[in-house]
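Step one of this worksheet: look at the structure below.
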Amino acid sequence: MLFLGLTVLGYVSYKKLSVELFPNAQLPTLIVQVATPLEMDPSYIETQAIIPIEGAVGTLEGIEKIESNISSRSGTIIIYYNQNADLKYANLKLQEKIDAVKSSIPPEFIINVIKIDLEKLTNQFMELQVRGEGGIDRVRNIADREIKPELENINGIAGVQVYGGKENSIEIRLNEKASKANDITINQIRNLLNNNRANKTFAGKVYDGSNVLFVNVSSEYTDVKEIGNIIVKTNGPVLLRDVSEIFFGVKEQSSYSRVNGLDAVTVTLVNDNQANLIDLSHAALAQVKELNKKLASSGVEIVVRNNNAEIMEKNINEIINLAITGGLLAVLILWFFLKNIRLVTIIAISIPVSVYAAFNFFYAFDISINSLTLVGMALAIGMLVDNSVVVLENIYRLAGQGKDHETAVKQGTTEVWRSIFAGTLTTVIVFLPFIFSNNFLIKMIGKNIGVSIISTLVISLIVALLFIPMATYFLLTRSSKSDSQIFKKLSIHNRLIQGYHLVLKASMRNPASTIIGTLVIFFAALLISIALSITSAQQVETPNFKLTVTLPARTTLQKTEAVVNKFKSIATPIPAK
């Protein structure tokens with residue numbers, strides 16, 4: 001019941017683990033930008049702005065390291081947080097610190113906090129293309145109103161972005177004479193808009209059951225007229241609408257995208273960090289299939305252009321298949337030597353028990369299923385049967401000598417437990433130095449591979465000391481006497497044993513020749529493997545090729561389209577060979 005419970009719980013943990021091709025190696029990052037419109041001595045910028053900000057930032061929690069770069073007109077402070085840091089909360093606390101220290105910094109410095117959202121860059125797992133008739137505006141409208149909301153409703157989708165077509169925008173045209181009269185520059189207006197957009201104040205926490213919600217007050221604009229009320233100069237005061245004209249409209253289209261004559265827009269899907277990417281990919285593809293049925297009458301089709309989860313699933317499945325193949329080969333070799341299906345069955349059962357129970361450690365240490373952890377587990381599968389084989393062999397050896405079943409099980413286990421414990425400990429302790437490494441990347445690799453190997457081997461040790469004796473006792477009490485004589489039969493009269501004895505005696509009589517021969521075989525195998533890995537240069541055949549047309553600078557989009565259409569008309573009638 002204990003091992004059954006650990007196995008079932010491990011399966012539940014396995015289903016809850018996130019899946020990724022490689023573990024996330026990006027540290028959460030925030031940037032404080034210090035700028036000045038005048039040329040200054042970098043040392044002055046350092047003492048008056050950079051050092052005070054670094055002092056305030058250094059009091060924050062969860063910071064891995066801080067880097068600063070200074071030039072004659074600007075300074076940049078890059079703040080790297082710990083891997084598990086909440087970047088949204090850290091951004092609010094950093095903004096609070098910057099707002100508090102601004103009063104002590106000379107007014108000629110403009111300070112901005114920049115949040116680099118690496119999640120949106122690394123978590124874009126799928127790219128879709130919406131193709132249809134009736135013009136790009138119609139396709140964009142369908143993508144915004146009918147496709148985007150359906151995709152956002154999928155559990156695990158953190159964001160859906162649509163690119164292409166005409167996008168809404170707010171344009172601010174600065175009045176040159178009014179700006180010059182009030183000594184206002186374009187950079188001041190740009191920084192002012194950025195500051196107003198990013199101004200947030202942390203208000204506290206709200207506890208909803210086991211969830212902790214961070215509350216902040218932000219001043220987002222809901223009306224274009226409110227932007228005109230921004231104070232650009234306190235003397236007067238001078239408002240933004242006094243020195244500029246504000247327009248609400250659409251951006252000028254800077255690109256066209258067409259596939260087989262159909263207008264197209266691009267839709268990117270961003271996944272939540274906690275989502276199982278493979279399951280999320282299957283749900284997204286199912287939703288795309290339903291949307292295509294719904295939009296078929298509208299002449300619009302959704303096509304998957306890129307799916308990172310598909311590549312990930314293929315690689316992970318390949319690793320899993322290799323691990324399963326290795327486990328089956330290990331069981332086959334055991335059967336070749338033991339010639340007893342009952343004994344081999346016990347060993348075979350211990351493999352999935354150890355693997356699934358190890359997933360509980362994955363869940364406890366917040367480790368995803370990725371290439372590193374699966375490779376570590378695949379290596380561990382070859383080692384985890386060793387402990388079970390040693391215990392099982394010793395028990396049956398004593399049973400073959402005529403000892404009663406209970407004595408054979410107890411004595412057989414107690415005689416070898418120190419040996420298998422020491423053997424497992426020597427493998428486990430190899431990965432301990434990785435924990436104390438100061439290099440984040442080395443620590444991450446050691447953690448992923450180490451936890452997978454250590455957890456599997458530790459469980460296999462427990463299986464060998466508890467599960468194997470129990471299962472062996474169960475079989476011994478229900479088997480005939482001849483079944484327990486299997487190890488007794490593997491005596492000096494066995495051809496395999498006789499061959500091993502001959503090789504062993506020859507090696508002991510000629511130690512120098514044995515060592516030299518072993519080295520020769522090792523280097524010969526190494527050279528052969530290197531020679532086989534070197535492939536001859538062959539031309540790679542691809543089913544398509546890319547044609548790029550580069551026109552002179554300042555060529556209009558319409559002119560570029562006309563030139564591209566000429567090449568398209570030439571390429572269309574060319575038959576495929």
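Convention: chains lettered A, B, ... in structure tokens order; per-chain residue numbering from 1; ligands numbered from 1 as shown.
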
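Around Glu39 in chain A, within 10 Å and counting only C-alpha atoms, the residues found are Ser71, Ser72, Arg73 and Ser74 of chain A, once anything fewer than 4 positions away on its own chain is removed.
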
Check: Just asking: which residues within range 390-469 of chain A are alpha helix (DSSP H) according to DSSP, as a ChimeraX atom specification?
Finding: /A:390-400,405-429,432-435,440-462,468-469

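Comparing A:Lys65, A:Arg258, A:Lys546, A:Arg418 by their smallest distance to Gly165 in chain A, the closest is A:Arg258 (using only C-alpha atoms).
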
Item checked: Coordinates-based distance that separates CA of Val391 in chain A from CA of Val331 in chain A (Å, one decimal) ->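 Taking CA of Val331 in chain A as the start and CA of Val391 in chain A as the end point, the length is 15.9 Å.
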
Next item on the list: Go through A:Asn260, A:Asn370, A:Asn321, A:Gln129 one by one, measure the shortest atom-to-atom distance of each to Glu301 in chain A using only C-alpha atoms, and give the residue with the smallest value.
Entry: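 When distances to Glu301 in chain A are compared using only C-alpha atoms, the smallest one comes from A:Gln129.
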
Item checked: Phe474 in chain A surroundings by only C-alpha atoms, 12 Å radius, close-in-sequence under 3 positions cut, as number ranges by chain -> A: 342-343, 346, 405-406, 409, 467-471, 477-479

Note to self: Nearest residue to Ser354 in chain A out of A:Ser455, A:Thr514, A:Asn292, A:Thr59, using only C-alpha atoms?
What the structure shows: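 For Ser354 in chain A, the nearest of the candidates is A:Ser455.
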
With a cut-off of 9 Å, could you pull out the residues of range 64-182 of chain A touching range 49-57 of chain A and give me the nearest pair of atoms for each, distance in Å to one decimal, using only C-alpha atoms, ordered by chain and ascending number, as a tab-separated table?
```
residue	atom	partner	partner_atom	distance
A:Ile66	CA	A:Glu54	CA	8.1
A:Ser68	CA	A:Ile50	CA	7.8
A:Ile70	CA	A:Ile50	CA	8.4
A:Gly75	CA	A:Ile50	CA	7.0
A:Thr76	CA	A:Ile50	CA	8.2
A:Ile77	CA	A:Ile50	CA	7.6
A:Ile79	CA	A:Val57	CA	8.4
A:Leu94	CA	A:Val57	CA	6.9
A:Lys97	CA	A:Ala56	CA	6.2
A:Ile98	CA	A:Ile53	CA	7.0
A:Ala100	CA	A:Ala56	CA	8.8
A:Val101	CA	A:Ile53	CA	6.9
A:Lys102	CA	A:Ile53	CA	8.6
A:Ser104	CA	A:Pro52	CA	8.3
A:Ile105	CA	A:Ala49	CA	5.9
A:Pro106	CA	A:Ala49	CA	7.8
A:Phe109	CA	A:Ala49	CA	7.6
```

Item checked: Expected answer as a PyMOL selection string: strand (DSSP E or B) residues in range 258-413 of chain A -> chain A and resi 258-259+262-271+300-307+369

Put those residues in a file: N, CA, C and O atoms, as a short mmCIF file (atom, residue, chain, number, x, y, z; two decimals), in the first residue's frame.
```cif
data_model
loop_
_atom_site.label_atom_id
_atom_site.label_comp_id
_atom_site.auth_asym_id
_atom_site.auth_seq_id
_atom_site.Cartn_x
_atom_site.Cartn_y
_atom_site.Cartn_z
N ARG A 258 0.51 38.49 -47.48
CA ARG A 258 -0.44 37.74 -48.30
C ARG A 258 0.09 36.34 -48.53
O ARG A 258 1.28 36.14 -48.72
N VAL A 259 -0.81 35.37 -48.53
CA VAL A 259 -0.48 33.98 -48.79
C VAL A 259 -1.42 33.46 -49.87
O VAL A 259 -2.63 33.43 -49.67
N LEU A 262 -4.28 35.70 -50.61
CA LEU A 262 -5.17 36.03 -49.51
C LEU A 262 -4.46 36.92 -48.49
O LEU A 262 -3.29 36.70 -48.16
N ASP A 263 -5.16 37.95 -48.00
CA ASP A 263 -4.61 38.81 -46.96
C ASP A 263 -4.47 38.01 -45.66
O ASP A 263 -5.29 37.13 -45.36
N ALA A 264 -3.44 38.32 -44.88
CA ALA A 264 -3.16 37.53 -43.67
C ALA A 264 -2.70 38.44 -42.53
O ALA A 264 -2.01 39.44 -42.75
N VAL A 265 -3.09 38.08 -41.33
CA VAL A 265 -2.58 38.70 -40.10
C VAL A 265 -2.02 37.60 -39.22
O VAL A 265 -2.40 36.43 -39.34
N THR A 266 -1.11 37.96 -38.34
CA THR A 266 -0.44 37.00 -37.48
C THR A 266 -0.99 37.08 -36.07
O THR A 266 -1.22 38.17 -35.54
N VAL A 267 -1.19 35.92 -35.44
CA VAL A 267 -1.67 35.83 -34.06
C VAL A 267 -0.66 34.99 -33.28
O VAL A 267 -0.35 33.86 -33.67
N THR A 268 -0.13 35.55 -32.20
CA THR A 268 0.82 34.81 -31.35
C THR A 268 0.16 34.48 -30.01
O THR A 268 -0.58 35.30 -29.45
N LEU A 269 0.43 33.29 -29.51
CA LEU A 269 -0.13 32.82 -28.24
C LEU A 269 0.98 32.74 -27.20
O LEU A 269 2.05 32.16 -27.46
N VAL A 270 0.74 33.32 -26.03
CA VAL A 270 1.69 33.32 -24.92
C VAL A 270 1.13 32.43 -23.82
O VAL A 270 -0.03 32.59 -23.42
N ASN A 271 1.94 31.50 -23.35
CA ASN A 271 1.47 30.55 -22.34
C ASN A 271 1.79 31.02 -20.92
O ASN A 271 2.74 31.77 -20.70
N VAL A 300 -12.53 32.63 -44.20
CA VAL A 300 -11.35 32.89 -43.38
C VAL A 300 -10.84 31.55 -42.83
O VAL A 300 -11.64 30.70 -42.42
N GLU A 301 -9.53 31.39 -42.82
CA GLU A 301 -8.92 30.16 -42.35
C GLU A 301 -7.77 30.48 -41.41
O GLU A 301 -7.02 31.44 -41.63
N ILE A 302 -7.62 29.67 -40.36
CA ILE A 302 -6.52 29.82 -39.41
C ILE A 302 -5.52 28.70 -39.68
O ILE A 302 -5.88 27.52 -39.69
N VAL A 303 -4.27 29.07 -39.89
CA VAL A 303 -3.21 28.11 -40.19
C VAL A 303 -2.12 28.24 -39.13
O VAL A 303 -1.74 29.36 -38.75
N VAL A 304 -1.64 27.11 -38.63
CA VAL A 304 -0.55 27.10 -37.64
C VAL A 304 0.77 27.23 -38.39
O VAL A 304 1.15 26.35 -39.16
N ARG A 305 1.47 28.34 -38.14
CA ARG A 305 2.77 28.56 -38.78
C ARG A 305 3.92 27.99 -37.97
O ARG A 305 4.89 27.49 -38.51
N ASN A 306 3.82 28.12 -36.66
CA ASN A 306 4.90 27.64 -35.80
C ASN A 306 4.33 27.17 -34.48
O ASN A 306 3.48 27.84 -33.88
N ASN A 307 4.76 26.00 -34.04
CA ASN A 307 4.28 25.44 -32.78
C ASN A 307 5.48 24.84 -32.04
O ASN A 307 5.94 23.74 -32.35
N ILE A 369 9.36 19.06 -16.26
CA ILE A 369 9.79 17.95 -17.12
C ILE A 369 10.44 18.56 -18.35
O ILE A 369 9.79 19.20 -19.17
#
```

Check: Got a sec: who's within 12 Å of Asp183 in chain A, counting only C-alpha atoms, leaving out chain neighbours fewer than 3 positions off, as a VMD selection string?
Finding: chain A and resid 175 to 180 186 to 189 232 to 233 235 238 243

Margin query: Report as a count of residues only all protein, DNA and RNA residues lying within 12 Å of Ile351 in chain A, evaluated on only C-alpha atoms, omitting residues in the same chain fewer than 6 positions from it.
Written below: 33
